[in-house]
Amino acid sequence: MTSNAALQEEAAPIRACTISRDVQNFDLLIEDMEAECGESWGDLSFEDAELFMKQTEADSLEFVAIAIDQEDETNIDAVSELVKFAVSQGVRVIVIAEEVSPIALHQLLKLGAAEFVPYPLPDGALHDALERMRRTAEMASQEVPDALRTKIKATGDRDGVVLPVQGLAGGTGTTTFAVNLAWELANLEVDGEHPRVCLLDLDLQFGSVSTYLDLPRREAVFELLQDTGSMDSESFMQALLTFNEKLHVLTSPSELIPLDMIGQQDVEKLVEVARTNFDYVVIDMPHNVVMWTETVLNAAHVYFAMTELDMRSAQNTLRMIRALKGEELPVNKLRYVLNRAPKFTDLTGKSRVKRMAESLDIKIEVLMPDGGRQVVQSNDHGVPLSEVAAKNPLRKEIQKLAESVHETNLEAVAGV
């Protein structure tokens, strides 16, 4: 260990420093720092820390571990300034705290501290914190064009509306509907502001949201899903991509992965983090019903079920209803959307829709017209319908639906 990193020169660059009133009060931290960094670390007092971080010797710093206990709470403002300065210098901060109040810890984390570890240190806790910190940094540094990076900050203070979309048969236009609904919601304007909208592609194996919006698939998504336990609002936001500065998208992973790679708790946390940072969360679901479908259904405000006017859709709808009722799940959240619905003048087709709804004992509330070739062209070019065919009948209906959803939400917020 280096007794004073600010005054002594080492042959090897300094990778990390502890900052404390007296590091001897944190003997377990000394052992863990030696295990992680060998001799490439130093110890600083609160008074010397800022001075050292201004010197060229600090250029090699990966992180600092600020160790505090209850006696340091009387000087928490000085510790806060130190955290702010370290973050401004590009040095990541881990807070090691013993018997410190939650208010003080929250203050330090809000100012930019990357991790918090309680003291006495649990076995491997410092190592795990460093690994999480490094993964987050790696995700943030992946090559993504600046125009696609998420520029809005995590707030954690929202109570977003969750709108999953699931096809009850193949080819019912689920992703087209989800992408365009999310885009229309993102373009609504109230008092000069647009809602914050997030689109999650949870069709983990064959999701095509990235194709329909011409966005790259990122390894960061796989890393995020693989370790949701350490996911927070910051790492979630860093994994998102932005489409035209309005819509924020979590694409499906770059590689085909098993649907059961994530479980109910993973999805619950993913949806919760998205919901608390956005006004609307649109989810493109896989066609398969998996263990975490129940999780999404319970979190949903409205669960859109895409169908068509054919026998396979009718049979699959019936099976879905039976499955949900058998598990006593909220089947009433399903809102049925009929894609490629008959035209207004097609009386025979309208009669078939009525008979289908009656035979299934459901109400088909949303009728989406056939958008024709323009829909395929829009998807192939990676842009929403409104950008290439604003007058397309399908686009107009999705726009009306988005406005209806938003109006209903505003009324609910106002308590009308």
# chains A, B, ... in the order shown; residues from 1 in each chain; ligands from 1
$ residues_around --residues "Ala147 of chain A" --least-positions-apart "4" --cutoff "8 Å" --atoms "only C-alpha atoms" --output "VMD selection string"
chain A and resid 242 244 to 245
$ residues_around --residues "Asp266 of chain A" --least-positions-apart "6" --cutoff "12 Å" --atoms "only C-alpha atoms" --output "JSON, numbers by chain"
{"A": [202, 224, 225, 226, 227, 228, 229, 230, 231, 260, 272, 273, 291, 292, 293, 295, 296]}
$ write_last_selection --atoms "C-alpha atoms" --output "short mmCIF file (atom, residue, chain, number, x, y, z; two decimals), in the first residue's frame"
data_model
loop_
_atom_site.label_atom_id
_atom_site.label_comp_id
_atom_site.auth_asym_id
_atom_site.auth_seq_id
_atom_site.Cartn_x
_atom_site.Cartn_y
_atom_site.Cartn_z
CA LEU A 202 -38.97 -8.10 -26.10
CA LEU A 224 -28.25 -5.44 -19.81
CA LEU A 225 -30.61 -8.42 -20.00
CA GLN A 226 -27.95 -10.78 -18.71
CA ASP A 227 -27.53 -8.87 -15.46
CA THR A 228 -30.72 -7.00 -14.62
CA GLY A 229 -29.85 -7.34 -10.93
CA SER A 230 -27.29 -4.56 -11.27
CA MET A 231 -29.34 -2.54 -13.76
CA ASP A 260 -36.13 -18.09 -21.02
CA GLU A 272 -40.43 -0.83 -13.81
CA VAL A 273 -37.27 1.09 -14.73
CA MET A 291 -43.43 -17.33 -18.07
CA TRP A 292 -42.95 -13.57 -18.07
CA THR A 293 -45.98 -12.86 -20.29
CA THR A 295 -45.55 -10.29 -15.59
CA VAL A 296 -46.08 -7.93 -18.52
#
$ residues_around --residues "Phe46 of chain A" --least-positions-apart "2" --cutoff "9 Å" --atoms "only C-alpha atoms" --output "VMD selection string"
chain A and resid 19 to 21 44 48 to 50 66 78 to 79 82
$ atom_distance --atom1 "atom CA of Glu62 of chain A" --atom2 "atom CA of Asn25 of chain A"
23.2 Å
$ residues_around --residues "Leu394 of chain A" --least-positions-apart "4" --cutoff "7 Å" --atoms "only C-alpha atoms" --output "list in words"
Met368, Pro369, Asp370, Gly371 and Ile398 of chain A
$ write_last_selection --atoms "C-alpha atoms" --output "compact mmCIF listing (two decimals), in the first residue's frame"
# COMPACT_ATOMS: atom_id res chain seq x y z
CA MET A 368 -57.09 -1.23 -38.46
CA PRO A 369 -57.44 -0.92 -42.26
CA ASP A 370 -55.08 -2.54 -44.73
CA GLY A 371 -52.26 -0.10 -45.39
CA ILE A 398 -52.96 4.56 -35.43
$ select_by_dssp --residues "segment 13-236 of chain A" --states "strand (DSSP E or B)" --output "NGL selection string"
:A and (16-19 or 41-44 or 63-69 or 92-98 or 115-118 or 149 or 161-167 or 190 or 193 or 197-201)
$ write_last_selection --atoms "C-alpha atoms" --output "compact mmCIF listing (two decimals), in the first residue's frame"
# COMPACT_ATOMS: atom_id res chain seq x y z
CA ALA A 16 -7.18 3.63 -7.70
CA CYS A 17 -7.19 5.49 -4.41
CA THR A 18 -9.00 5.25 -1.14
CA ILE A 19 -10.14 8.55 0.35
CA TRP A 41 -3.26 2.06 -5.41
CA GLY A 42 -2.86 4.77 -2.84
CA ASP A 43 -4.48 6.32 0.19
CA LEU A 44 -5.56 9.96 0.40
CA PHE A 63 -11.77 4.87 -9.58
CA VAL A 64 -11.63 6.23 -6.06
CA ALA A 65 -13.20 4.53 -3.04
CA ILE A 66 -14.51 7.13 -0.60
CA ALA A 67 -14.82 5.48 2.81
CA ILE A 68 -17.02 7.22 5.36
CA ASP A 69 -18.70 6.42 8.65
CA ARG A 92 -15.63 6.96 -11.10
CA VAL A 93 -16.55 6.92 -7.42
CA ILE A 94 -17.42 4.00 -5.14
CA VAL A 95 -18.81 4.93 -1.72
CA ILE A 96 -17.88 2.62 1.18
CA ALA A 97 -20.20 3.48 4.06
CA GLU A 98 -20.51 2.28 7.66
CA GLU A 115 -21.65 2.39 -6.63
CA PHE A 116 -22.34 2.02 -2.92
CA VAL A 117 -20.95 -0.84 -0.79
CA PRO A 118 -21.76 -1.25 2.92
CA ARG A 149 -27.39 8.23 -28.38
CA VAL A 161 -48.47 3.91 -19.11
CA VAL A 162 -47.46 0.37 -20.14
CA LEU A 163 -48.84 -0.73 -23.52
CA PRO A 164 -47.76 -4.23 -24.65
CA VAL A 165 -48.65 -5.49 -28.12
CA GLN A 166 -48.89 -9.21 -28.88
CA GLY A 167 -49.90 -10.98 -32.05
CA VAL A 190 -49.10 19.26 -25.08
CA GLU A 193 -43.73 19.41 -24.82
CA VAL A 197 -41.88 7.41 -25.04
CA CYS A 198 -39.89 4.17 -24.81
CA LEU A 199 -40.29 1.20 -27.15
CA LEU A 200 -39.07 -2.17 -25.81
CA ASP A 201 -38.52 -5.01 -28.27
$ closest_residue --among "A:Ile362, A:Phe278, A:Leu148, A:Ala186" --to "Arg218 of chain A" --atoms "only C-alpha atoms"
A:Leu148
$ closest_residue --among "A:Ala389, A:Ala274, A:Ala414, A:Ala314" --to "Thr155 of chain A" --atoms "only C-alpha atoms"
A:Ala274
$ residues_around --residues "Glu184 of chain A" --least-positions-apart "3" --cutoff "12 Å" --atoms "only C-alpha atoms" --output "MDAnalysis selection string"
chainID A and resid 177:181 187:189 194:199 246:247 280 282 384:387 390 395:406
$ select_by_dssp --residues "segment 241-276 of chain A" --states "alpha helix (DSSP H)" --output "PyMOL selection string"
chain A and resi 264-275
$ closest_residue --among "A:Leu109, A:Leu309, A:Met320, A:Leu250" --to "Lys354 of chain A" --atoms "only C-alpha atoms"
A:Leu309
$ closest_residue --among "A:Phe52, A:Glu57, A:Leu367, A:Gln264" --to "Phe344 of chain A" --atoms "only C-alpha atoms"
A:Leu367
$ closest_residue --among "A:Ala86, A:Val290, A:Val221, A:Ala113" --to "Ala129 of chain A" --atoms "only C-alpha atoms"
A:Ala113
$ closest_residue --among "A:Tyr336, A:Tyr303, A:Phe26, A:Phe243" --to "Lys151 of chain A" --atoms "only C-alpha atoms"
A:Phe243
$ atom_distance --atom1 "atom CA of Cys37 of chain A" --atom2 "atom CA of His106 of chain A"
27.5 Å
$ atom_distance --atom1 "atom CA of Ser80 of chain A" --atom2 "atom CA of Val23 of chain A"
18.5 Å
$ residues_around --residues "Ser208 of chain A" --least-positions-apart "4" --cutoff "9 Å" --atoms "only C-alpha atoms" --output "CSV table (one decimal) with C-alpha atoms, in the first residue's frame"
chain,number,residue,atom,x,y,z
A,175,THR,CA,-44.4,-4.9,-34.8
A,201,ASP,CA,-38.5,-5.0,-28.3
A,203,ASP,CA,-39.3,-10.4,-29.1
A,212,TYR,CA,-38.3,-1.1,-39.0
A,213,LEU,CA,-36.5,2.0,-37.5
A,251,THR,CA,-33.8,-3.2,-29.6
A,252,SER,CA,-33.7,-6.9,-29.4
